[in-house]
file target14.txt (compact mmCIF, C-alpha atoms and all ligand atoms)
# COMPACT_ATOMS: atom_id res chain seq x y z
CA MET A 1 126.65 106.56 95.78
CA ASP A 2 126.78 107.20 92.02
CA ARG A 3 126.33 103.88 90.21
CA SER A 4 125.60 105.14 86.74
CA ASN A 5 127.50 103.57 83.88
CA LYS A 6 128.80 106.27 81.57
CA GLN A 7 130.23 105.42 78.17
CA GLY A 8 133.59 106.93 77.25
CA GLU A 9 134.57 107.45 80.89
CA ILE A 10 136.58 105.61 83.48
CA ARG A 11 135.77 105.68 87.18
CA LEU A 12 138.47 105.80 89.79
CA PRO A 13 138.66 106.54 93.53
CA SER A 14 138.36 110.33 94.01
CA VAL A 15 141.32 110.40 96.39
CA MET A 16 143.50 109.08 93.53
CA VAL A 17 142.53 111.69 90.93
CA PRO A 18 145.63 113.81 91.71
CA TYR A 19 147.91 110.77 91.30
CA ARG A 20 151.04 111.54 89.24
CA CYS A 21 154.20 109.43 89.34
CA ARG A 22 156.62 111.06 91.80
CA ARG A 23 159.52 108.90 90.59
CA THR A 24 160.19 107.07 93.81
CA THR A 25 161.37 104.26 91.42
CA LEU A 26 160.54 101.69 94.10
CA CYS A 27 158.78 99.68 91.37
CA CYS A 28 161.98 99.76 89.22
CA HIS A 29 163.95 97.87 91.90
CA PRO A 30 163.82 94.38 93.41
CA PRO A 31 161.75 92.68 94.62
CA TRP A 32 159.72 93.94 91.65
CA ARG A 33 160.78 92.37 88.36
CA VAL A 34 159.34 93.32 85.01
CA TRP A 35 158.02 90.38 82.99
CA VAL A 36 157.49 91.07 79.31
CA THR A 37 155.49 89.30 76.66
CA GLN A 38 157.14 88.20 73.42
CA ASP A 39 155.44 91.04 71.53
CA GLU A 40 156.67 93.60 74.05
CA ALA A 41 160.22 92.23 73.89
CA GLU A 42 160.23 92.39 70.07
CA GLN A 43 158.87 95.93 70.06
CA ILE A 44 161.51 97.11 72.55
CA GLN A 45 164.29 95.34 70.65
CA THR A 46 163.24 96.95 67.35
CA ARG A 47 163.14 100.41 68.90
CA LEU A 48 166.55 99.97 70.54
CA GLU A 49 168.04 98.97 67.17
CA GLU A 50 166.57 102.11 65.56
CA VAL A 51 167.86 104.60 68.12
CA ASP A 52 170.51 106.92 66.64
CA ASP A 53 171.76 108.51 69.81
CA LYS A 54 173.60 105.69 71.55
CA GLU A 55 175.10 107.93 74.25
CA GLY A 56 174.21 108.27 77.91
CA GLY A 57 173.53 104.75 79.14
CA TRP A 58 171.98 103.35 75.99
CA VAL A 59 171.14 99.64 76.42
CA GLU A 60 172.35 97.06 73.86
CA PRO A 61 169.29 95.17 72.52
CA ASP A 62 170.81 91.84 73.53
CA ARG A 63 171.53 93.08 77.09
CA ALA A 64 167.95 94.08 77.87
CA PHE A 65 166.25 90.75 78.62
CA GLU A 66 166.78 87.46 80.35
CA ALA A 67 164.84 84.23 80.08
CA ALA A 68 163.31 83.08 83.36
CA GLY A 69 161.27 79.88 83.53
CA ALA A 70 158.88 79.88 80.61
CA GLY A 71 158.92 83.69 80.35
CA CYS A 72 161.17 86.65 79.76
CA ARG A 73 161.94 89.66 81.95
CA LEU A 74 163.97 92.86 81.89
CA LEU A 75 167.54 92.51 83.13
CA THR A 76 168.77 94.45 86.14
CA GLN A 77 171.88 96.57 86.66
CA PRO A 78 174.54 95.46 89.19
CA SER A 79 172.96 97.97 91.63
CA GLY A 80 169.71 95.99 91.36
CA GLY A 81 167.68 98.62 89.47
CA CYS A 82 166.04 97.90 86.13
CA VAL A 83 168.42 97.96 83.16
CA PHE A 84 166.53 100.97 81.76
CA LEU A 85 166.59 103.04 84.94
CA GLY A 86 168.72 106.16 84.48
CA GLN A 87 170.04 108.33 87.32
CA ASP A 88 170.72 112.01 87.53
CA PRO A 89 168.09 112.89 86.60
CA VAL A 90 166.09 109.84 87.59
CA ARG A 91 164.29 108.62 84.49
CA CYS A 92 163.13 105.61 82.51
CA ARG A 93 165.23 105.43 79.34
CA LEU A 94 162.67 103.21 77.68
CA GLN A 95 159.93 105.79 78.13
CA GLU A 96 162.38 108.43 76.95
CA ILE A 97 162.89 106.73 73.57
CA GLY A 98 159.39 105.36 73.03
CA GLY A 99 156.90 107.04 75.35
CA LEU A 100 154.28 105.15 77.36
CA ASP A 101 153.49 102.94 74.36
CA LEU A 102 156.90 101.27 74.51
CA LEU A 103 156.69 100.39 78.20
CA PRO A 104 155.85 96.80 79.14
CA MET A 105 152.25 96.72 80.36
CA LEU A 106 153.40 96.01 83.94
CA CYS A 107 155.36 99.29 84.04
CA ARG A 108 152.79 101.28 82.15
CA LEU A 109 149.96 100.37 84.49
CA PHE A 110 151.71 100.31 87.87
CA PRO A 111 150.34 101.14 90.42
CA ARG A 112 146.99 100.96 88.61
CA SER A 113 144.80 97.96 87.97
CA VAL A 114 142.27 98.60 85.22
CA VAL A 115 139.35 96.28 84.46
CA VAL A 116 136.15 96.41 82.44
CA THR A 117 133.04 95.63 84.49
CA PRO A 118 129.33 95.74 83.67
CA ALA A 119 129.29 99.08 85.54
CA GLY A 120 131.99 100.51 83.27
CA ILE A 121 135.77 100.62 83.26
CA GLU A 122 137.27 101.11 86.69
CA ALA A 123 140.79 101.71 87.95
CA ALA A 124 142.17 100.81 91.36
CA PHE A 125 145.49 101.97 92.82
CA ARG A 126 147.85 99.78 94.80
CA LEU A 127 149.06 100.98 98.19
CA ALA A 128 152.40 99.26 97.51
CA CYS A 129 153.35 102.47 95.66
CA PRO A 130 154.59 105.09 98.19
CA THR A 131 152.90 107.85 96.16
CA VAL A 132 149.51 106.14 96.49
CA SER A 133 150.02 105.79 100.26
CA ALA A 134 151.07 109.44 100.43
CA LEU A 135 147.82 110.50 98.72
CA VAL A 136 145.80 108.46 101.23
CA VAL A 137 147.52 110.27 104.09
CA GLU A 138 147.27 113.69 102.43
CA GLY A 139 143.67 113.47 101.23
CA ALA A 140 142.00 110.90 103.50
CA ALA A 141 138.27 110.78 102.74
CA ALA A 142 135.37 108.37 102.44
CA PHE A 143 135.42 106.33 99.23
CA THR A 144 133.71 108.04 96.31
CA TRP A 145 134.06 107.59 92.57
CA SER A 146 135.33 110.25 90.22
CA ARG A 147 134.95 109.95 86.46
CA ILE A 148 137.32 111.12 83.81
CA SER A 149 137.14 110.91 80.06
CA LEU A 150 138.88 107.95 78.45
CA ARG A 151 140.51 110.48 76.13
CA GLU A 152 142.57 111.65 79.11
CA TRP A 153 143.40 108.14 80.25
CA ALA A 154 146.46 106.30 78.87
CA TYR A 155 146.11 103.03 80.78
CA PRO A 156 144.18 100.26 79.02
CA PRO A 157 142.14 97.62 80.86
CA THR A 158 143.75 94.21 81.13
CA HIS A 159 140.59 92.11 81.30
CA ARG A 160 136.82 92.06 81.73
CA ILE A 161 134.90 90.87 84.77
CA ASP A 162 131.25 89.84 84.51
CA GLN A 163 131.24 87.30 87.30
CA VAL A 164 133.20 87.22 90.51
CA LEU A 165 134.31 84.36 92.69
CA TRP A 166 132.16 84.98 95.77
CA ARG A 167 133.65 82.23 97.88
CA PRO A 168 135.66 79.13 96.76
CA GLY A 169 133.49 77.16 94.31
CA GLU A 170 130.74 79.82 94.03
CA LYS A 171 130.51 82.50 91.36
CA ARG A 172 128.05 85.40 91.35
CA GLY A 173 127.27 88.31 89.06
CA PHE A 174 129.43 91.41 89.37
CA GLU A 175 126.36 93.45 90.36
CA GLU A 176 126.10 91.62 93.67
CA LEU A 177 129.63 92.53 94.62
CA GLU A 178 129.04 96.10 93.46
CA GLU A 179 126.07 96.25 95.84
CA LEU A 180 128.13 94.80 98.68
CA ARG A 181 131.01 97.22 98.10
CA CYS A 182 128.61 100.18 98.09
CA SER A 183 127.11 99.06 101.40
CA TRP A 184 130.55 98.78 103.01
CA TRP A 185 131.57 102.19 101.70
CA ALA A 186 128.37 103.63 103.18
CA GLU A 187 129.26 102.00 106.53
CA MET A 188 132.71 103.59 106.34
CA GLU A 189 131.21 106.97 105.60
CA ARG A 190 128.97 106.62 108.66
CA ALA A 191 132.02 105.66 110.73
CA LEU A 192 133.84 108.78 109.54
CA ALA A 193 130.95 110.93 110.72
CA ALA A 194 130.70 109.22 114.13
CA SER A 195 131.53 111.20 117.26
CA SER A 196 133.77 108.41 118.52
CA ILE A 197 135.58 107.78 115.26
CA GLY A 198 138.22 105.36 116.66
CA SER A 199 135.51 103.05 118.02
CA ALA A 200 133.53 103.36 114.79
CA LEU A 201 136.64 102.35 112.80
CA SER A 202 137.15 99.44 115.13
CA ALA A 203 133.53 98.27 114.77
CA CYS A 204 133.64 98.57 110.99
CA LEU A 205 136.88 96.57 110.64
CA SER A 206 135.72 93.89 113.06
CA ALA A 207 132.46 93.48 111.12
CA MET A 208 134.36 93.18 107.82
CA ILE A 209 136.46 90.43 109.35
CA GLU A 210 133.65 88.57 111.12
CA GLU A 211 130.79 89.07 108.67
CA PRO A 212 132.11 90.28 105.32
CA GLU A 213 128.75 89.59 103.66
CA SER A 214 126.63 91.67 106.07
CA PRO A 215 127.58 95.35 106.28
CA ARG A 216 124.41 96.21 108.23
CA GLY A 217 124.45 92.99 110.21
CA ARG A 218 125.53 92.30 113.76
CA LYS A 219 128.58 94.27 114.87
CA PRO A 220 130.63 92.28 117.35
CA ALA A 221 130.25 94.05 120.67
CA ASN A 222 133.22 95.55 122.52
CA TRP A 223 135.74 94.70 119.83
CA SER A 224 138.80 96.85 120.16
CA LEU A 225 141.59 97.03 117.65
CA PRO A 226 144.14 94.37 118.53
CA SER A 227 147.89 94.83 118.69
CA VAL A 228 149.38 92.56 116.01
CA PRO A 229 152.88 91.28 116.82
CA LEU A 230 154.62 90.02 113.68
CA GLN A 231 156.10 86.55 113.32
CA TYR A 232 159.86 86.47 112.70
CA GLY A 233 159.52 86.02 108.90
CA ALA A 234 156.95 88.81 108.53
CA ALA A 235 159.04 91.16 110.70
CA LEU A 236 162.11 90.38 108.58
CA ASN A 237 160.22 91.11 105.34
CA THR A 238 158.79 94.30 106.84
CA CYS A 239 162.25 95.53 107.85
CA GLY A 240 163.60 94.58 104.40
CA PHE A 241 160.91 96.58 102.58
CA LEU A 242 161.24 99.51 104.99
CA SER A 243 164.97 99.71 104.27
CA ILE A 244 164.37 100.24 100.53
CA LEU A 245 161.75 102.97 100.93
CA PRO A 246 162.72 106.23 99.26
CA ASN A 247 163.72 109.01 101.69
CA ARG A 248 163.33 107.16 104.98
CA GLY A 249 164.81 103.76 104.02
CA PRO A 250 168.29 104.50 105.47
CA ARG A 251 166.71 105.70 108.72
CA TYR A 252 164.82 102.42 109.12
CA GLN A 253 167.99 100.51 108.26
CA ALA A 254 169.79 102.32 111.06
CA ALA A 255 166.97 101.50 113.51
CA TYR A 256 167.35 97.76 112.89
CA PRO A 257 167.53 95.51 115.08
CA GLY A 258 165.47 97.56 117.57
CA LEU A 259 162.78 97.80 114.93
CA MET A 260 162.84 94.05 114.37
CA ASP A 261 162.32 93.40 118.11
CA ALA A 262 159.58 95.99 118.41
CA LEU A 263 157.66 94.59 115.42
CA GLN A 264 157.79 91.09 116.92
CA GLN A 265 156.66 92.39 120.27
CA GLY A 266 153.87 94.55 118.84
CA PRO A 267 152.59 97.86 120.23
CA THR A 268 150.44 98.10 123.34
CA SER A 269 146.70 98.10 122.80
CA GLY A 270 146.66 101.67 124.19
CA GLU A 271 149.09 102.80 121.48
CA VAL A 272 146.94 101.21 118.75
CA ALA A 273 143.77 102.78 120.16
CA ALA A 274 145.40 106.22 120.39
CA LEU A 275 146.55 106.09 116.77
CA ALA A 276 143.13 104.86 115.63
CA ASP A 277 141.41 107.74 117.45
CA GLN A 278 143.77 110.30 116.03
CA HIS A 279 143.90 109.12 112.41
CA ALA A 280 140.84 106.96 111.80
CA ASP A 281 140.12 108.92 108.62
CA ILE A 282 143.36 107.68 107.01
CA PHE A 283 142.70 104.06 107.97
CA LEU A 284 139.10 104.23 106.76
CA CYS A 285 140.27 105.72 103.48
CA ALA A 286 142.80 102.88 103.06
CA ALA A 287 140.10 100.33 103.96
CA GLY A 288 137.87 101.80 101.22
CA LEU A 289 140.59 101.42 98.60
CA LEU A 290 141.45 97.88 99.66
CA LEU A 291 137.76 96.98 99.61
CA GLN A 292 137.51 98.26 96.03
CA GLN A 293 140.15 95.74 95.00
CA ALA A 294 138.51 92.79 96.76
CA GLY A 295 137.41 90.18 94.24
CA VAL A 296 137.66 92.65 91.33
CA HIS A 297 141.30 93.69 91.14
CA ASP A 298 142.78 90.72 92.96
CA ALA A 299 142.33 87.05 92.22
CA ARG A 300 140.86 86.16 95.61
CA PRO A 301 137.30 85.06 96.40
CA ALA A 302 135.49 88.30 97.24
CA LEU A 303 134.40 87.52 100.82
CA LEU A 304 137.86 86.30 101.74
CA ALA A 305 139.36 89.41 100.12
CA ILE A 306 137.08 91.73 102.13
CA ARG A 307 138.17 90.00 105.32
CA LYS A 308 141.84 90.25 104.26
CA ALA A 309 141.42 93.94 103.43
CA ALA A 310 140.24 94.66 106.98
CA GLN A 311 142.98 92.49 108.47
CA GLN A 312 145.55 94.41 106.44
CA VAL A 313 144.30 97.70 107.89
CA VAL A 314 144.45 96.26 111.43
CA GLU A 315 148.03 95.08 110.84
CA THR A 316 148.96 98.43 109.34
CA LEU A 317 147.72 100.22 112.45
CA SER A 318 150.02 98.08 114.58
CA SER A 319 153.03 98.56 112.31
CA ALA A 320 152.43 102.31 112.09
CA SER A 321 152.40 102.55 115.91
CA ILE A 322 155.79 100.83 116.00
CA LEU A 323 157.31 102.88 113.17
CA TRP A 324 156.23 106.07 114.84
CA LYS A 325 157.85 104.99 118.10
CA VAL A 326 161.04 103.39 116.77
CA GLY A 327 161.60 104.74 113.29
CA GLN A 328 161.93 108.40 114.29
CA SER A 329 159.25 109.38 111.76
CA THR A 330 156.41 111.82 112.14
CA VAL A 331 153.09 110.11 112.70
CA CYS A 332 151.93 110.74 109.11
CA ASP A 333 155.22 109.46 107.66
CA ALA A 334 154.94 106.38 109.87
CA ILE A 335 151.38 105.69 108.64
CA GLN A 336 152.36 106.23 105.01
CA ASP A 337 155.32 103.84 105.33
CA ALA A 338 153.23 101.25 107.17
CA LEU A 339 150.56 101.41 104.44
CA THR A 340 153.16 100.92 101.69
CA VAL A 341 155.08 98.16 103.42
CA SER A 342 152.01 96.19 104.55
CA ALA A 343 150.83 96.21 100.92
CA LEU A 344 154.26 95.11 99.68
CA VAL A 345 154.44 92.28 102.21
CA ARG A 346 150.91 91.12 101.27
CA HIS A 347 151.61 91.34 97.57
CA HIS A 348 154.82 89.33 97.75
CA GLN A 349 153.25 86.77 100.09
CA GLN A 350 150.53 86.29 97.51
CA LEU A 351 153.05 85.98 94.68
CA SER A 352 155.15 83.43 96.53
CA THR A 353 152.00 81.43 97.24
CA LEU A 354 151.15 81.46 93.54
CA VAL A 355 154.69 80.36 92.61
CA PHE A 356 154.51 77.64 95.23
CA VAL A 357 151.16 76.38 93.94
CA ASP A 358 152.45 76.34 90.34
S1 LIG A 401 161.23 99.86 82.13
FE1 LIG A 401 161.27 101.91 83.00
S2 LIG A 401 159.43 102.01 84.34
FE2 LIG A 401 159.82 99.84 83.88
S3 LIG A 401 161.05 99.11 85.62
FE3 LIG A 401 162.47 99.75 83.96
S4 LIG A 401 162.98 101.87 84.45
FE4 LIG A 401 161.16 101.36 85.63

call {"tool": "encode", "arguments": {"input": "target14.txt", "output": "structure tokens"}}
result
Amino acid sequence: MDRSNKQGEIRLPSVMVPYRCRRTTLCCHPPWRVWVTQDEAEQIQTRLEEVDDKEGGWVEPDRAFEAAGAGCRLLTQPSGGCVFLGQDPVRCRLQEIGGLDLLPMLCRLFPRSVVVTPAGIEAAFRLACPTVSALVVEGAAAFTWSRISLREWAYPPTHRIDQVLWRPGEKRGFEELEELRCSWWAEMERALAASSIGSALSACLSAMIEEPESPRGRKPANWSLPSVPLQYGAALNTCGFLSILPNRGPRYQAAYPGLMDALQQGPTSGEVAALADQHADIFLCAAGLLLQQAGVHDARPALLAIRKAAQQVVETLSSASILWKVGQSTVCDAIQDALTVSALVRHHQQLSTLVFVD
């Protein structure tokens, strides 16, 4: 594992190097909303006032924003999409008139999270973007870093991390988490090389859940991947997010309510085990990316986040088994959609918790 800290470079997961926006525009529709800072709003307003060509869906400066709580966000069109989203061809009108620099930071970065650490600047990619999930399915591999020059990178870091919350009430240096992440990635690499890869995946995920601090510690014996039936609310959210997916959304909509029932019932353990055996590489790749985010790119205590990362992969396996059976998708499409939707459900659960706590 390369841990060197190179100036003038950013490190990112190798599987994400080919990432280019494929314009699914999922992030330009609800439930995503774009919050803007006062500076961003002023910059956008000024540029809109300067634009000469006011044809083709130009947005009036005073119809671009709305106040919400103590903040400000971009308005939406009656169809639900962002006020700047243009169709035919699909495009962002804001980017068209001002380039990346005019985009609110939320839009510019998505699906990336970029932070400065003592080991250098690193970027993570969120599985809630269907293109990120597609790359995981297409290029599944053990987690490794790739480095690219900052001159080729247009996405600035949002903050610096020197210390991480290890568990509630306890902070530790970033280096300790870096060490722990590297050990887990090495475990995942070993699992990928195992002759019985489904069992190795199962052992790795169970250890992350049971003992997130001890990658080489005791592996719970005879742990097999559980079937995870969803509660009513989670099944409803899952069906809601599936229905807005680009390409296959209408198909999932048509499969409701059978899909709803199947998600609440959960797959059989045999179905989960078969999928794990067949596609362990994809689930290990996803686990590696979620582990990268734990405690660094999310606001959770690191050990809890490692456990949650493994639980998310276990849940995704269950959902993918159901989508494959009910959603009339190919197995790879089903896994990609399950990866995206599980991440969306998690993300919005986390946001609603934060709103609730506030
Ligand atoms: S500003 Fe552009 S990128 Fe951001 S949500 Fe609107 S259309 Fe999408």

call {"tool": "residues_near_ligand", "arguments": {"input": "target14.txt", "ligand": "ligand LIG 401 (chain A)", "cutoff": "9 Å", "atoms": "all atoms listed in the file", "output": "PyMOL selection string"}}
result
chain A and resi 25-29+32-34+74-76+81-86+91-96+102-108+110

call {"tool": "write_last_selection", "arguments": {"input": "target14.txt", "atoms": "C-alpha atoms", "output": "short mmCIF file (atom, residue, chain, number, x, y, z; two decimals), keeping the file's coordinate frame"}}
result
data_model
loop_
_atom_site.label_atom_id
_atom_site.label_comp_id
_atom_site.auth_asym_id
_atom_site.auth_seq_id
_atom_site.Cartn_x
_atom_site.Cartn_y
_atom_site.Cartn_z
CA THR A 25 161.37 104.26 91.42
CA LEU A 26 160.54 101.69 94.10
CA CYS A 27 158.78 99.68 91.37
CA CYS A 28 161.98 99.76 89.22
CA HIS A 29 163.95 97.87 91.90
CA TRP A 32 159.72 93.94 91.65
CA ARG A 33 160.78 92.37 88.36
CA VAL A 34 159.34 93.32 85.01
CA LEU A 74 163.97 92.86 81.89
CA LEU A 75 167.54 92.51 83.13
CA THR A 76 168.77 94.45 86.14
CA GLY A 81 167.68 98.62 89.47
CA CYS A 82 166.04 97.90 86.13
CA VAL A 83 168.42 97.96 83.16
CA PHE A 84 166.53 100.97 81.76
CA LEU A 85 166.59 103.04 84.94
CA GLY A 86 168.72 106.16 84.48
CA ARG A 91 164.29 108.62 84.49
CA CYS A 92 163.13 105.61 82.51
CA ARG A 93 165.23 105.43 79.34
CA LEU A 94 162.67 103.21 77.68
CA GLN A 95 159.93 105.79 78.13
CA GLU A 96 162.38 108.43 76.95
CA LEU A 102 156.90 101.27 74.51
CA LEU A 103 156.69 100.39 78.20
CA PRO A 104 155.85 96.80 79.14
CA MET A 105 152.25 96.72 80.36
CA LEU A 106 153.40 96.01 83.94
CA CYS A 107 155.36 99.29 84.04
CA ARG A 108 152.79 101.28 82.15
CA PHE A 110 151.71 100.31 87.87
#

call {"tool": "residues_around", "arguments": {"input": "target14.txt", "residues": "region 289-298 of chain A", "least_positions_apart": "3", "cutoff": "7 Å", "atoms": "all atoms listed in the file", "output": "ChimeraX atom specification"}}
result
/A:113,124,164-165,181,285-286,301-302,305-306,309

call {"tool": "closest_residue", "arguments": {"input": "target14.txt", "among": "A:Thr37, A:Thr131, A:Ser183, A:Gln7", "to": "Gln336 (chain A)", "atoms": "only C-alpha atoms"}}
result
A:Thr131

call {"tool": "residues_around", "arguments": {"input": "target14.txt", "residues": "Glu9 (chain A)", "least_positions_apart": "4", "cutoff": "7 Å", "atoms": "all atoms listed in the file", "output": "list in words"}}
result
Arg147, Ile148, Ser149 and Leu150 of chain A

call {"tool": "write_last_selection", "arguments": {"input": "target14.txt", "atoms": "C-alpha atoms", "output": "PDB file, keeping the file's coordinate frame"}}
result
ATOM      1  CA  ARG A 147     134.950 109.950  86.460  1.00  0.00           C
ATOM      2  CA  ILE A 148     137.320 111.120  83.810  1.00  0.00           C
ATOM      3  CA  SER A 149     137.140 110.910  80.060  1.00  0.00           C
ATOM      4  CA  LEU A 150     138.880 107.950  78.450  1.00  0.00           C
TER       5      LEU A 150
END

call {"tool": "residues_around", "arguments": {"input": "target14.txt", "residues": "Ala134 (chain A)", "least_positions_apart": "3", "cutoff": "10 Å", "atoms": "only C-alpha atoms", "output": "ChimeraX atom specification"}}
result
/A:19,127,129-131,137-140,332-333,335-337,339-340

call {"tool": "atom_distance", "arguments": {"input": "target14.txt", "atom1": "CA of Val132 (chain A)", "atom2": "CA of Gln265 (chain A)"}}
result
28.4 Å

call {"tool": "atom_distance", "arguments": {"input": "target14.txt", "atom1": "CA of Trp35 (chain A)", "atom2": "CA of Ala154 (chain A)"}}
result
20.1 Å

call {"tool": "atom_distance", "arguments": {"input": "target14.txt", "atom1": "CA of Tyr252 (chain A)", "atom2": "CA of Ser318 (chain A)"}}
result
16.4 Å

call {"tool": "closest_residue", "arguments": {"input": "target14.txt", "among": "A:His159, A:Arg172, A:Arg167, A:Arg307", "to": "Cys204 (chain A)", "atoms": "only C-alpha atoms"}}
result
A:Arg307

call {"tool": "closest_residue", "arguments": {"input": "target14.txt", "among": "A:Ala142, A:Val136, A:Leu109, A:Ile209", "to": "Pro156 (chain A)", "atoms": "only C-alpha atoms"}}
result
A:Leu109

call {"tool": "closest_residue", "arguments": {"input": "target14.txt", "among": "A:Ala299, A:Pro215, A:Ser224, A:Ser133", "to": "Ile161 (chain A)", "atoms": "only C-alpha atoms"}}
result
A:Ala299

call {"tool": "residues_around", "arguments": {"input": "target14.txt", "residues": "region 328-330 of chain A", "least_positions_apart": "4", "cutoff": "12 Å", "atoms": "only C-alpha atoms", "output": "PyMOL selection string"}}
result
chain A and resi 247-255+258-259+320-324+334-338

call {"tool": "closest_residue", "arguments": {"input": "target14.txt", "among": "A:Val114, A:Ala123, A:Leu304, A:Leu245", "to": "Ser146 (chain A)", "atoms": "only C-alpha atoms"}}
result
A:Ala123

call {"tool": "decode", "arguments": {"input": "target14.txt", "residues": "region 191-203 of chain A", "atoms": "N, CA and C atoms", "output": "CSV table (one decimal), in the first residue's frame"}}
result
chain,number,residue,atom,x,y,z
A,191,ALA,N,-9.2,-11.3,0.8
A,191,ALA,CA,-10.5,-12.0,0.5
A,191,ALA,C,-10.7,-12.2,-1.0
A,192,LEU,N,-10.3,-11.2,-1.7
A,192,LEU,CA,-10.5,-11.2,-3.2
A,192,LEU,C,-9.6,-12.4,-3.8
A,193,ALA,N,-8.5,-12.7,-3.2
A,193,ALA,CA,-7.6,-13.7,-3.7
A,193,ALA,C,-8.0,-15.1,-3.2
A,194,ALA,N,-9.0,-15.2,-2.3
A,194,ALA,CA,-9.3,-16.5,-1.6
A,194,ALA,C,-10.0,-17.4,-2.6
A,195,SER,N,-9.8,-18.7,-2.4
A,195,SER,CA,-10.5,-19.7,-3.3
A,195,SER,C,-12.0,-19.6,-3.1
A,196,SER,N,-12.4,-19.5,-1.9
A,196,SER,CA,-13.8,-19.4,-1.6
A,196,SER,C,-14.2,-18.0,-1.3
A,197,ILE,N,-14.4,-17.2,-2.4
A,197,ILE,CA,-14.4,-15.7,-2.3
A,197,ILE,C,-15.7,-15.3,-1.6
A,198,GLY,N,-16.8,-16.0,-1.8
A,198,GLY,CA,-18.1,-15.6,-1.1
A,198,GLY,C,-17.9,-15.7,0.4
A,199,SER,N,-17.3,-16.8,0.9
A,199,SER,CA,-17.1,-17.0,2.4
A,199,SER,C,-16.1,-16.0,2.9
A,200,ALA,N,-15.1,-15.7,2.1
A,200,ALA,CA,-14.1,-14.7,2.5
A,200,ALA,C,-14.7,-13.3,2.6
A,201,LEU,N,-15.6,-13.0,1.7
A,201,LEU,CA,-16.4,-11.7,1.8
A,201,LEU,C,-17.2,-11.7,3.1
A,202,SER,N,-17.9,-12.8,3.3
A,202,SER,CA,-18.7,-12.9,4.5
A,202,SER,C,-17.9,-12.7,5.8
A,203,ALA,N,-16.7,-13.3,5.8
A,203,ALA,CA,-15.9,-13.2,7.0
A,203,ALA,C,-15.4,-11.8,7.2
